[in-house]
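target08.pdb (PDB, C-alpha atoms, pLDDT in the B column)
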```pdb
ATOM      1  CA  MET A   1     -23.008  -0.350  20.075  1.00 76.00           C
ATOM      2  CA  GLY A   2     -21.387   2.222  17.832  1.00 95.00           C
ATOM      3  CA  ARG A   3     -19.547   4.263  20.457  1.00 98.00           C
ATOM      4  CA  VAL A   4     -16.665   4.886  18.007  1.00 98.00           C
ATOM      5  CA  ASP A   5     -18.625   4.298  14.832  1.00 97.00           C
ATOM      6  CA  GLY A   6     -16.786   5.535  11.739  1.00 95.00           C
ATOM      7  CA  LYS A   7     -13.604   6.483  13.583  1.00 98.00           C
ATOM      8  CA  VAL A   8     -10.189   5.209  12.457  1.00 98.00           C
ATOM      9  CA  ALA A   9      -7.893   3.783  15.131  1.00 99.00           C
ATOM     10  CA  LEU A  10      -4.221   2.827  14.919  1.00 99.00           C
ATOM     11  CA  VAL A  11      -3.062   0.552  17.735  1.00 98.00           C
ATOM     12  CA  THR A  12       0.637  -0.186  18.201  1.00 98.00           C
ATOM     13  CA  GLY A  13       1.585  -3.602  19.513  1.00 98.00           C
ATOM     14  CA  GLY A  14      -1.839  -4.562  18.211  1.00 98.00           C
ATOM     15  CA  ALA A  15      -1.088  -8.206  17.470  1.00 97.00           C
ATOM     16  CA  SER A  16      -1.089  -9.460  21.056  1.00 94.00           C
ATOM     17  CA  GLY A  17      -1.897  -8.721  24.684  1.00 93.00           C
ATOM     18  CA  LEU A  18      -3.482  -5.400  25.503  1.00 96.00           C
ATOM     19  CA  GLY A  19      -3.158  -4.183  21.922  1.00 97.00           C
ATOM     20  CA  LYS A  20      -5.151  -7.116  20.563  1.00 97.00           C
ATOM     21  CA  ALA A  21      -7.870  -6.577  23.180  1.00 97.00           C
ATOM     22  CA  ASP A  22      -7.993  -2.874  22.299  1.00 98.00           C
ATOM     23  CA  CYS A  23      -8.327  -3.611  18.582  1.00 98.00           C
ATOM     24  CA  ARG A  24     -11.160  -6.060  19.148  1.00 98.00           C
ATOM     25  CA  ARG A  25     -13.063  -3.782  21.523  1.00 98.00           C
ATOM     26  CA  LEU A  26     -12.775  -0.723  19.282  1.00 98.00           C
ATOM     27  CA  ALA A  27     -13.828  -2.776  16.259  1.00 98.00           C
ATOM     28  CA  GLU A  28     -16.860  -4.087  18.157  1.00 97.00           C
ATOM     29  CA  GLU A  29     -17.962  -0.493  18.654  1.00 98.00           C
ATOM     30  CA  GLY A  30     -17.617   0.486  15.002  1.00 98.00           C
ATOM     31  CA  ALA A  31     -14.030   1.688  14.530  1.00 98.00           C
ATOM     32  CA  LYS A  32     -11.864   0.925  11.528  1.00 98.00           C
ATOM     33  CA  ILE A  33      -8.658  -0.611  12.810  1.00 98.00           C
ATOM     34  CA  VAL A  34      -5.003  -0.395  11.825  1.00 98.00           C
ATOM     35  CA  VAL A  35      -3.285  -3.300  13.568  1.00 98.00           C
ATOM     36  CA  ALA A  36       0.302  -2.081  13.788  1.00 98.00           C
ATOM     37  CA  ASP A  37       2.981  -4.442  15.019  1.00 98.00           C
ATOM     38  CA  ILE A  38       6.507  -5.649  14.368  1.00 98.00           C
ATOM     39  CA  ASP A  39       4.901  -9.127  14.350  1.00 98.00           C
ATOM     40  CA  VAL A  40       3.494  -8.905  10.830  1.00 98.00           C
ATOM     41  CA  ALA A  41       1.970 -12.396  10.798  1.00 98.00           C
ATOM     42  CA  GLY A  42       0.171 -11.742  14.076  1.00 98.00           C
ATOM     43  CA  ALA A  43      -1.112  -8.382  12.853  1.00 98.00           C
ATOM     44  CA  GLN A  44      -2.356  -9.925   9.613  1.00 98.00           C
ATOM     45  CA  ALA A  45      -4.147 -12.725  11.481  1.00 98.00           C
ATOM     46  CA  LEU A  46      -6.003 -10.251  13.694  1.00 98.00           C
ATOM     47  CA  ALA A  47      -6.868  -7.986  10.754  1.00 98.00           C
ATOM     48  CA  ALA A  48      -8.312 -11.006   8.933  1.00 98.00           C
ATOM     49  CA  GLU A  49     -10.372 -11.855  12.003  1.00 98.00           C
ATOM     50  CA  LEU A  50     -11.757  -8.303  12.171  1.00 98.00           C
ATOM     51  CA  GLY A  51     -12.681  -8.281   8.484  1.00 97.00           C
ATOM     52  CA  ASP A  52     -12.715  -5.568   5.851  1.00 95.00           C
ATOM     53  CA  LYS A  53     -12.720  -2.768   8.430  1.00 96.00           C
ATOM     54  CA  ALA A  54      -9.159  -3.634   9.459  1.00 98.00           C
ATOM     55  CA  ILE A  55      -5.708  -3.620   7.912  1.00 98.00           C
ATOM     56  CA  ALA A  56      -2.331  -4.780   9.196  1.00 98.00           C
ATOM     57  CA  VAL A  57       0.844  -2.719   8.931  1.00 98.00           C
ATOM     58  CA  LYS A  58       4.401  -3.529   9.905  1.00 98.00           C
ATOM     59  CA  LEU A  59       5.560  -1.104  12.551  1.00 98.00           C
ATOM     60  CA  ASP A  60       8.758  -1.021  14.564  1.00 98.00           C
ATOM     61  CA  VAL A  61       7.774   1.902  16.780  1.00 98.00           C
ATOM     62  CA  SER A  62      11.410   2.938  17.207  1.00 98.00           C
ATOM     63  CA  SER A  63      11.731   3.534  13.440  1.00 98.00           C
ATOM     64  CA  PRO A  64      10.785   6.944  11.981  1.00 98.00           C
ATOM     65  CA  ASP A  65      10.585   5.348   8.518  1.00 98.00           C
ATOM     66  CA  ASP A  66       8.160   2.688   9.722  1.00 98.00           C
ATOM     67  CA  TRP A  67       5.986   5.327  11.378  1.00 98.00           C
ATOM     68  CA  GLN A  68       5.798   7.463   8.273  1.00 98.00           C
ATOM     69  CA  ALA A  69       4.903   4.419   6.171  1.00 98.00           C
ATOM     70  CA  ALA A  70       2.235   3.304   8.657  1.00 98.00           C
ATOM     71  CA  ILE A  71       0.599   6.735   8.701  1.00 98.00           C
ATOM     72  CA  ALA A  72       0.658   6.886   4.894  1.00 98.00           C
ATOM     73  CA  LYS A  73      -0.975   3.439   4.655  1.00 98.00           C
ATOM     74  CA  THR A  74      -3.616   4.493   7.179  1.00 98.00           C
ATOM     75  CA  ALA A  75      -4.476   7.580   5.141  1.00 98.00           C
ATOM     76  CA  GLU A  76      -4.563   5.552   1.937  1.00 98.00           C
ATOM     77  CA  ALA A  77      -6.822   2.838   3.365  1.00 98.00           C
ATOM     78  CA  PHE A  78      -9.217   4.910   5.460  1.00 98.00           C
ATOM     79  CA  GLY A  79      -8.699   8.569   4.553  1.00 98.00           C
ATOM     80  CA  GLY A  80      -7.840   9.777   8.043  1.00 98.00           C
ATOM     81  CA  LEU A  81      -6.961   8.939  11.641  1.00 98.00           C
ATOM     82  CA  ASN A  82      -8.977   9.706  14.780  1.00 98.00           C
ATOM     83  CA  ILE A  83      -7.544   7.424  17.470  1.00 99.00           C
ATOM     84  CA  LEU A  84      -3.908   6.617  18.232  1.00 99.00           C
ATOM     85  CA  VAL A  85      -3.223   4.023  20.920  1.00 98.00           C
ATOM     86  CA  ASN A  86       0.490   3.976  21.759  1.00 98.00           C
ATOM     87  CA  ASN A  87       0.542   0.555  23.351  1.00 98.00           C
ATOM     88  CA  ALA A  88       3.688  -1.259  22.139  1.00 97.00           C
ATOM     89  CA  GLY A  89       6.100  -2.197  24.885  1.00 95.00           C
ATOM     90  CA  ILE A  90       8.855  -4.499  26.082  1.00 94.00           C
ATOM     91  CA  VAL A  91      10.205  -5.299  29.516  1.00 92.00           C
ATOM     92  CA  VAL A  92      13.671  -6.178  30.807  1.00 94.00           C
ATOM     93  CA  VAL A  93      13.876  -7.660  34.302  1.00 93.00           C
ATOM     94  CA  ALA A  94      16.924  -6.018  35.865  1.00 97.00           C
ATOM     95  CA  ASP A  95      17.526  -3.596  38.724  1.00 97.00           C
ATOM     96  CA  PRO A  96      19.512  -0.317  38.396  1.00 98.00           C
ATOM     97  CA  GLU A  97      22.859  -2.030  38.952  1.00 98.00           C
ATOM     98  CA  GLU A  98      22.157  -4.996  36.684  1.00 98.00           C
ATOM     99  CA  THR A  99      20.647  -3.056  33.770  1.00 98.00           C
ATOM    100  CA  THR A 100      23.070  -2.577  30.896  1.00 98.00           C
ATOM    101  CA  ILE A 101      23.161   0.610  28.870  1.00 98.00           C
ATOM    102  CA  GLU A 102      22.085  -1.417  25.824  1.00 98.00           C
ATOM    103  CA  GLN A 103      19.046  -2.764  27.670  1.00 98.00           C
ATOM    104  CA  PHE A 104      18.123   0.675  28.974  1.00 98.00           C
ATOM    105  CA  ARG A 105      18.363   2.276  25.538  1.00 98.00           C
ATOM    106  CA  LYS A 106      16.360  -0.507  23.894  1.00 98.00           C
ATOM    107  CA  VAL A 107      13.484  -0.138  26.334  1.00 98.00           C
ATOM    108  CA  GLN A 108      13.465   3.651  25.962  1.00 98.00           C
ATOM    109  CA  ALA A 109      13.555   3.349  22.165  1.00 98.00           C
ATOM    110  CA  VAL A 110      10.388   1.254  22.114  1.00 98.00           C
ATOM    111  CA  MET A 111       8.289   2.805  24.856  1.00 96.00           C
ATOM    112  CA  SER A 112       9.480   6.391  25.181  1.00 98.00           C
ATOM    113  CA  GLU A 113      10.801   7.250  21.722  1.00 98.00           C
ATOM    114  CA  GLY A 114       8.041   5.112  20.208  1.00 98.00           C
ATOM    115  CA  VAL A 115       5.372   7.332  21.763  1.00 98.00           C
ATOM    116  CA  PHE A 116       7.206  10.473  20.679  1.00 98.00           C
ATOM    117  CA  LEU A 117       7.503   9.268  17.085  1.00 98.00           C
ATOM    118  CA  GLY A 118       3.893   8.136  16.962  1.00 98.00           C
ATOM    119  CA  VAL A 119       2.617  11.505  18.092  1.00 98.00           C
ATOM    120  CA  LYS A 120       5.035  13.406  15.850  1.00 98.00           C
ATOM    121  CA  TYR A 121       3.969  11.614  12.682  1.00 98.00           C
ATOM    122  CA  ALA A 122       0.297  11.010  13.487  1.00 98.00           C
ATOM    123  CA  LEU A 123      -0.654  14.520  14.602  1.00 98.00           C
ATOM    124  CA  PRO A 124      -0.775  16.152  11.136  1.00 98.00           C
ATOM    125  CA  LEU A 125      -3.192  13.509   9.833  1.00 98.00           C
ATOM    126  CA  MET A 126      -5.224  13.510  13.039  1.00 98.00           C
ATOM    127  CA  ALA A 127      -5.543  17.299  12.977  1.00 97.00           C
ATOM    128  CA  LYS A 128      -7.100  17.058   9.505  1.00 97.00           C
ATOM    129  CA  SER A 129      -9.465  14.253  10.494  1.00 97.00           C
ATOM    130  CA  GLY A 130     -11.692  15.984  13.040  1.00 93.00           C
ATOM    131  CA  ALA A 131     -12.065  15.140  16.728  1.00 94.00           C
ATOM    132  CA  GLY A 132      -9.321  12.804  17.870  1.00 98.00           C
ATOM    133  CA  SER A 133      -7.895  10.998  20.874  1.00 98.00           C
ATOM    134  CA  ILE A 134      -4.326   9.930  21.652  1.00 99.00           C
ATOM    135  CA  ILE A 135      -4.085   7.273  24.352  1.00 99.00           C
ATOM    136  CA  ASN A 136      -0.630   6.493  25.731  1.00 98.00           C
ATOM    137  CA  MET A 137      -0.111   3.269  27.654  1.00 98.00           C
ATOM    138  CA  SER A 138       1.833   3.960  30.818  1.00 98.00           C
ATOM    139  CA  SER A 139       1.791   1.885  34.007  1.00 97.00           C
ATOM    140  CA  THR A 140       1.600   1.950  37.782  1.00 96.00           C
ATOM    141  CA  ALA A 141       5.359   1.526  37.413  1.00 94.00           C
ATOM    142  CA  SER A 142       5.458   5.289  36.771  1.00 95.00           C
ATOM    143  CA  HIS A 143       4.006   5.872  40.258  1.00 95.00           C
ATOM    144  CA  LEU A 144       5.742   3.234  42.385  1.00 94.00           C
ATOM    145  CA  GLY A 145       9.260   1.970  42.945  1.00 92.00           C
ATOM    146  CA  TYR A 146       9.943  -1.269  41.054  1.00 91.00           C
ATOM    147  CA  PRO A 147      13.717  -1.928  41.121  1.00 96.00           C
ATOM    148  CA  PRO A 148      13.502  -5.128  39.017  1.00 95.00           C
ATOM    149  CA  PHE A 149      11.761  -3.179  36.252  1.00 95.00           C
ATOM    150  CA  PHE A 150      14.049  -0.154  36.313  1.00 97.00           C
ATOM    151  CA  ALA A 151      14.253   0.632  32.578  1.00 98.00           C
ATOM    152  CA  TYR A 152      10.552  -0.112  32.077  1.00 96.00           C
ATOM    153  CA  SER A 153       9.590   2.227  34.933  1.00 97.00           C
ATOM    154  CA  ALA A 154      11.774   4.983  33.512  1.00 98.00           C
ATOM    155  CA  ALA A 155      10.103   4.690  30.110  1.00 98.00           C
ATOM    156  CA  LYS A 156       6.615   4.685  31.584  1.00 97.00           C
ATOM    157  CA  GLY A 157       7.480   7.782  33.612  1.00 97.00           C
ATOM    158  CA  ALA A 158       8.482   9.528  30.393  1.00 98.00           C
ATOM    159  CA  VAL A 159       5.172   8.530  28.799  1.00 98.00           C
ATOM    160  CA  ARG A 160       3.275   9.942  31.784  1.00 98.00           C
ATOM    161  CA  SER A 161       5.060  13.284  31.447  1.00 98.00           C
ATOM    162  CA  MET A 162       4.946  13.513  27.643  1.00 98.00           C
ATOM    163  CA  THR A 163       1.204  12.958  27.680  1.00 98.00           C
ATOM    164  CA  LYS A 164       0.578  16.213  29.521  1.00 98.00           C
ATOM    165  CA  SER A 165       2.737  18.229  27.135  1.00 98.00           C
ATOM    166  CA  ILE A 166       1.031  16.622  24.133  1.00 98.00           C
ATOM    167  CA  ALA A 167      -2.409  17.452  25.535  1.00 98.00           C
ATOM    168  CA  MET A 168      -1.459  21.088  26.099  1.00 98.00           C
ATOM    169  CA  HIS A 169       0.218  21.353  22.694  1.00 98.00           C
ATOM    170  CA  CYS A 170      -2.972  20.223  20.981  1.00 98.00           C
ATOM    171  CA  GLN A 171      -5.060  22.761  22.883  1.00 98.00           C
ATOM    172  CA  GLN A 172      -2.633  25.594  22.155  1.00 98.00           C
ATOM    173  CA  LYS A 173      -2.581  24.691  18.453  1.00 98.00           C
ATOM    174  CA  GLY A 174      -6.354  24.513  18.319  1.00 98.00           C
ATOM    175  CA  TYR A 175      -6.323  20.831  17.364  1.00 98.00           C
ATOM    176  CA  PRO A 176      -9.532  19.007  18.383  1.00 98.00           C
ATOM    177  CA  ILE A 177      -7.381  16.233  19.835  1.00 98.00           C
ATOM    178  CA  ARG A 178      -7.185  15.005  23.416  1.00 98.00           C
ATOM    179  CA  CYS A 179      -4.296  13.047  24.944  1.00 98.00           C
ATOM    180  CA  ASN A 180      -4.414  10.910  28.077  1.00 98.00           C
ATOM    181  CA  SER A 181      -2.289   8.221  29.701  1.00 98.00           C
ATOM    182  CA  VAL A 182      -3.531   4.917  31.096  1.00 98.00           C
ATOM    183  CA  HIS A 183      -1.760   3.287  34.035  1.00 98.00           C
ATOM    184  CA  PRO A 184      -2.613  -0.392  34.559  1.00 96.00           C
ATOM    185  CA  ALA A 185      -1.316  -2.637  37.285  1.00 93.00           C
ATOM    186  CA  SER A 186      -0.454  -6.209  36.275  1.00 85.00           C
ATOM    187  CA  ILE A 187      -2.710  -7.488  33.492  1.00 87.00           C
ATOM    188  CA  GLU A 188      -2.818 -11.088  32.233  1.00 79.00           C
ATOM    189  CA  THR A 189      -0.827 -10.674  29.014  1.00 74.00           C
ATOM    190  CA  PRO A 190       2.148 -12.473  27.425  1.00 69.00           C
ATOM    191  CA  MET A 191       4.452  -9.697  28.679  1.00 70.00           C
ATOM    192  CA  ILE A 192       3.373 -10.171  32.288  1.00 64.00           C
ATOM    193  CA  GLN A 193       3.491 -13.951  31.947  1.00 65.00           C
ATOM    194  CA  GLY A 194       7.108 -13.680  30.841  1.00 62.00           C
ATOM    195  CA  ALA A 195       8.041 -11.176  33.541  1.00 62.00           C
ATOM    196  CA  MET A 196       6.522 -13.468  36.185  1.00 60.00           C
ATOM    197  CA  GLY A 197       8.462 -16.491  34.937  1.00 64.00           C
ATOM    198  CA  ARG A 198       5.528 -18.326  33.345  1.00 55.00           C
ATOM    199  CA  PRO A 199       5.835 -17.617  29.607  1.00 64.00           C
ATOM    200  CA  GLY A 200       2.908 -19.019  27.638  1.00 65.00           C
ATOM    201  CA  GLU A 201       1.085 -20.034  30.831  1.00 60.00           C
ATOM    202  CA  GLU A 202      -2.163 -18.078  30.767  1.00 67.00           C
ATOM    203  CA  HIS A 203      -4.250 -17.805  33.926  1.00 67.00           C
ATOM    204  CA  GLU A 204      -7.986 -17.184  33.694  1.00 76.00           C
ATOM    205  CA  VAL A 205      -9.173 -13.950  35.304  1.00 69.00           C
ATOM    206  CA  PRO A 206     -12.602 -14.470  36.904  1.00 62.00           C
ATOM    207  CA  ASP A 207     -15.547 -12.155  36.326  1.00 78.00           C
ATOM    208  CA  GLY A 208     -16.892  -9.857  39.030  1.00 77.00           C
ATOM    209  CA  VAL A 209     -15.124  -7.624  41.519  1.00 76.00           C
ATOM    210  CA  LEU A 210     -11.577  -8.840  42.085  1.00 76.00           C
ATOM    211  CA  PRO A 211      -9.863  -9.050  45.488  1.00 70.00           C
ATOM    212  CA  ALA A 212      -6.794  -6.998  46.333  1.00 78.00           C
ATOM    213  CA  GLY A 213      -3.631  -8.227  44.695  1.00 74.00           C
ATOM    214  CA  SER A 214      -5.422  -9.746  41.711  1.00 77.00           C
ATOM    215  CA  ILE A 215      -4.168  -9.582  38.131  1.00 81.00           C
ATOM    216  CA  GLY A 216      -6.587  -7.870  35.760  1.00 87.00           C
ATOM    217  CA  ALA A 217      -7.847  -8.981  32.364  1.00 89.00           C
ATOM    218  CA  PRO A 218      -7.043  -7.300  29.028  1.00 92.00           C
ATOM    219  CA  LYS A 219     -10.734  -6.470  28.599  1.00 94.00           C
ATOM    220  CA  ASP A 220     -10.563  -4.294  31.724  1.00 93.00           C
ATOM    221  CA  VAL A 221      -8.060  -2.014  30.007  1.00 96.00           C
ATOM    222  CA  ALA A 222      -9.773  -2.254  26.613  1.00 97.00           C
ATOM    223  CA  ASN A 223     -13.009  -0.900  28.090  1.00 97.00           C
ATOM    224  CA  LEU A 224     -11.140   2.138  29.412  1.00 98.00           C
ATOM    225  CA  ILE A 225      -9.425   2.623  26.045  1.00 98.00           C
ATOM    226  CA  LEU A 226     -12.867   2.588  24.395  1.00 98.00           C
ATOM    227  CA  TYR A 227     -14.133   5.319  26.723  1.00 98.00           C
ATOM    228  CA  LEU A 228     -11.109   7.530  26.079  1.00 98.00           C
ATOM    229  CA  ALA A 229     -11.354   6.922  22.333  1.00 98.00           C
ATOM    230  CA  SER A 230     -15.033   7.883  22.232  1.00 98.00           C
ATOM    231  CA  ASP A 231     -16.604  11.317  22.347  1.00 97.00           C
ATOM    232  CA  GLU A 232     -17.961  10.416  25.793  1.00 97.00           C
ATOM    233  CA  SER A 233     -14.606  11.543  27.203  1.00 98.00           C
ATOM    234  CA  ARG A 234     -14.594  14.896  25.363  1.00 98.00           C
ATOM    235  CA  PHE A 235     -13.770  16.797  28.612  1.00 98.00           C
ATOM    236  CA  VAL A 236     -10.861  14.535  29.574  1.00 98.00           C
ATOM    237  CA  THR A 237      -7.367  15.503  28.439  1.00 98.00           C
ATOM    238  CA  GLY A 238      -3.925  15.490  30.027  1.00 98.00           C
ATOM    239  CA  ALA A 239      -5.191  12.996  32.595  1.00 98.00           C
ATOM    240  CA  GLU A 240      -3.370  10.000  34.018  1.00 98.00           C
ATOM    241  CA  ILE A 241      -5.940   7.317  34.699  1.00 98.00           C
ATOM    242  CA  LEU A 242      -5.081   4.478  37.049  1.00 97.00           C
ATOM    243  CA  ILE A 243      -6.618   1.072  36.428  1.00 95.00           C
ATOM    244  CA  ASP A 244      -5.038  -0.880  39.252  1.00 93.00           C
ATOM    245  CA  ASN A 245      -7.721  -2.265  41.604  1.00 92.00           C
ATOM    246  CA  GLY A 246      -6.464   0.041  44.353  1.00 92.00           C
ATOM    247  CA  LEU A 247      -2.811  -0.981  44.161  1.00 91.00           C
ATOM    248  CA  THR A 248      -1.411   2.547  44.411  1.00 93.00           C
ATOM    249  CA  ILE A 249      -3.568   3.448  47.444  1.00 90.00           C
ATOM    250  CA  THR A 250      -2.903   0.276  49.412  1.00 90.00           C
ATOM    251  CA  PRO A 251      -1.278   1.145  52.775  1.00 87.00           C
ATOM    252  CA  ALA A 252       2.130  -0.349  53.467  1.00 77.00           C
ATOM    253  CA  GLY A 253       2.210  -3.263  55.841  1.00 66.00           C
TER     254      GLY A 253
END
```
Rewritten as structure tokens:
Amino acid sequence: MGRVDGKVALVTGGASGLGKADCRRLAEEGAKIVVADIDVAGAQALAAELGDKAIAVKLDVSSPDDWQAAIAKTAEAFGGLNILVNNAGIVVVADPEETTIEQFRKVQAVMSEGVFLGVKYALPLMAKSGAGSIINMSSTASHLGYPPFFAYSAAKGAVRSMTKSIAMHCQQKGYPIRCNSVHPASIETPMIQGAMGRPGEEHEVPDGVLPAGSIGAPKDVANLILYLASDESRFVTGAEILIDNGLTITPAG
């Protein structure tokens, strides 16, 4: 217990799915949590569950104004920021020919521009707050070809690349802040349920080692987020960490 004791964490898309699991896991290990989500009611419900060490803030990650307000509320409530988890995301199921320019831009605004804005506005507060960790949620979609998730894959590829530049920027500036990207395969979340045509139909992920082709559980990713958020990972920056049960090394055929 206490692996992130006393640290302040802001998690985007924190009201559901991976973000909710991240918030709970970080809180279990002592972090103060900012549940940031466009779903205000969901964020407030989770913050109430976590108790007085959590607050909820409205955050449309594509809005510079929302980001500045969220960072200001974080500083006001907790006096600093040590952990930023850029997790918010959306998915549009459409291949390169079917994707509209409006769909493409919307996905980039949330997942690519959202990461950029989060880092831009969080870094000054993080730099003043001591050792910090930025964790950007990417995907195996940045490594493999997924035509039906064209816009999503493009955004996750941008996140993968931005992460390395952010990590190097922090080192060059002398900020005690690390930045890494996490690349899950399919995880049992509302987003995946919708993409697989079973919205609201949650499947239980069994414990133990999972066979090839399995869907992972949110807690699998949350445990990795905890490691990257903690000082245990002090020598890890600019890394892209796959959490995919071997998906990306599975031979064709």
Hey, which bits of segment 129-151 of chain A sit within 10 Å of segment 67-87 of chain A, and for each residue what's the closest pair of atoms and how far apart in Å (one decimal), counting all atoms listed in the file, rows by chain and increasing number, as a Markdown table?
```
| residue | atom | partner | partner_atom | distance |
| --- | --- | --- | --- | --- |
| A:Ser129 | CA | A:Gly80 | CA | 5.4 |
| A:Gly130 | CA | A:Asn82 | CA | 7.1 |
| A:Ala131 | CA | A:Asn82 | CA | 6.5 |
| A:Gly132 | CA | A:Asn82 | CA | 4.4 |
| A:Ser133 | CA | A:Ile83 | CA | 4.9 |
| A:Ile134 | CA | A:Leu84 | CA | 4.8 |
| A:Ile135 | CA | A:Val85 | CA | 4.8 |
| A:Asn136 | CA | A:Asn86 | CA | 4.8 |
| A:Met137 | CA | A:Asn87 | CA | 5.1 |
| A:Ser138 | CA | A:Asn87 | CA | 8.3 |
```
### Query
Using only C-alpha atoms, which of A:Pro211, A:Gly114, A:Pro124, A:Pro96 sits nearest Ala154 of chain A?
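That would be A:Pro96, the residue with the smallest distance to Ala154 of chain A.
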### Task
Decode the PyMOL selection byres ((chain A and resi 18) around 8) for the given file into explicit residues and return them as a VMD selection string.
chain A and resid 14 16 to 17 19 to 22 87 189 218 to 219 221 to 222
### Message
Take the PyMOL selection byres ((chain A and resi 155) around 9), run it mentally on this structure, and tell me the resulting residues as a PyMOL selection string.
### Response
chain A and resi 107-113+138+142+150-154+156-160
### Pairwise distance for atom CA of Asp244 of chain A and atom CA of Leu210 of chain A, rounded to one decimal in Å
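Calculated distance between atom CA of Asp244 of chain A and atom CA of Leu210 of chain A is 10.7 Å.
When atom CA of Ala36 of chain A is paired with atom CA of Ala56 of chain A, their separation reads 5.9 Å.
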### Residue IDs satisfying the PyMOL selection byres ((chain A and resi 46) around 9), as a ChimeraX atom specification
/A:14-16,20,23-24,35,41-45,47-51,54-56
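Straight-line separation from atom CA of Asp37 of chain A to atom CA of Lys53 of chain A: 17.1 Å.
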### Task
Find the residue from A:Met126, A:Ile90, A:Val61, A:Met168 that sits nearest to Lys7 of chain A; use all atoms listed in the file when measuring.
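Comparing A:Met126, A:Ile90, A:Val61, A:Met168 against Lys7 of chain A, the winner is A:Met126.
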### Query
Using only C-alpha atoms, which residue out of A:Ile177, A:Thr99, A:Ser214, A:Glu28 lies closest to Leu125 of chain A?
A:Ile177
### Message
Nearest residue to Met191 of chain A out of A:Val8, A:Leu59, A:Ala88, A:Asp65, using all atoms listed in the file?
### Response
A:Ala88
### Message
Taking all atoms listed in the file into account, name the residue in A:Ser139, A:Arg234, A:Glu98, A:Ala229 that is nearest to Ala27 of chain A.
### Response
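Residue with the minimum atom-to-atom distance to Ala27 of chain A: A:Ala229.
Comparing A:Cys170, A:Ala185, A:Leu123, A:Val93 by their smallest distance to Pro147 of chain A, the closest is A:Val93 (using all atoms listed in the file).
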### Message
So that I can check the surroundings of Ile241 of chain A, please list as a ChimeraX atom specification every protein, DNA and RNA residue that reaches within 7 Å of it, counting only C-alpha atoms and ignoring chain neighbours fewer than 2 positions away.
### Response
/A:181-183,239,243
Work out where the centre of an axis-aligned box around every listed atom of segment 95-102 of chain A lies and how long its edges are once 6 Å is added on each side; give both in Å to one decimal as JSON.
```
{"center_x": 20.3, "center_y": -2.2, "center_z": 32.4, "size_x": 17.6, "size_y": 17.6, "size_z": 25.1}
```
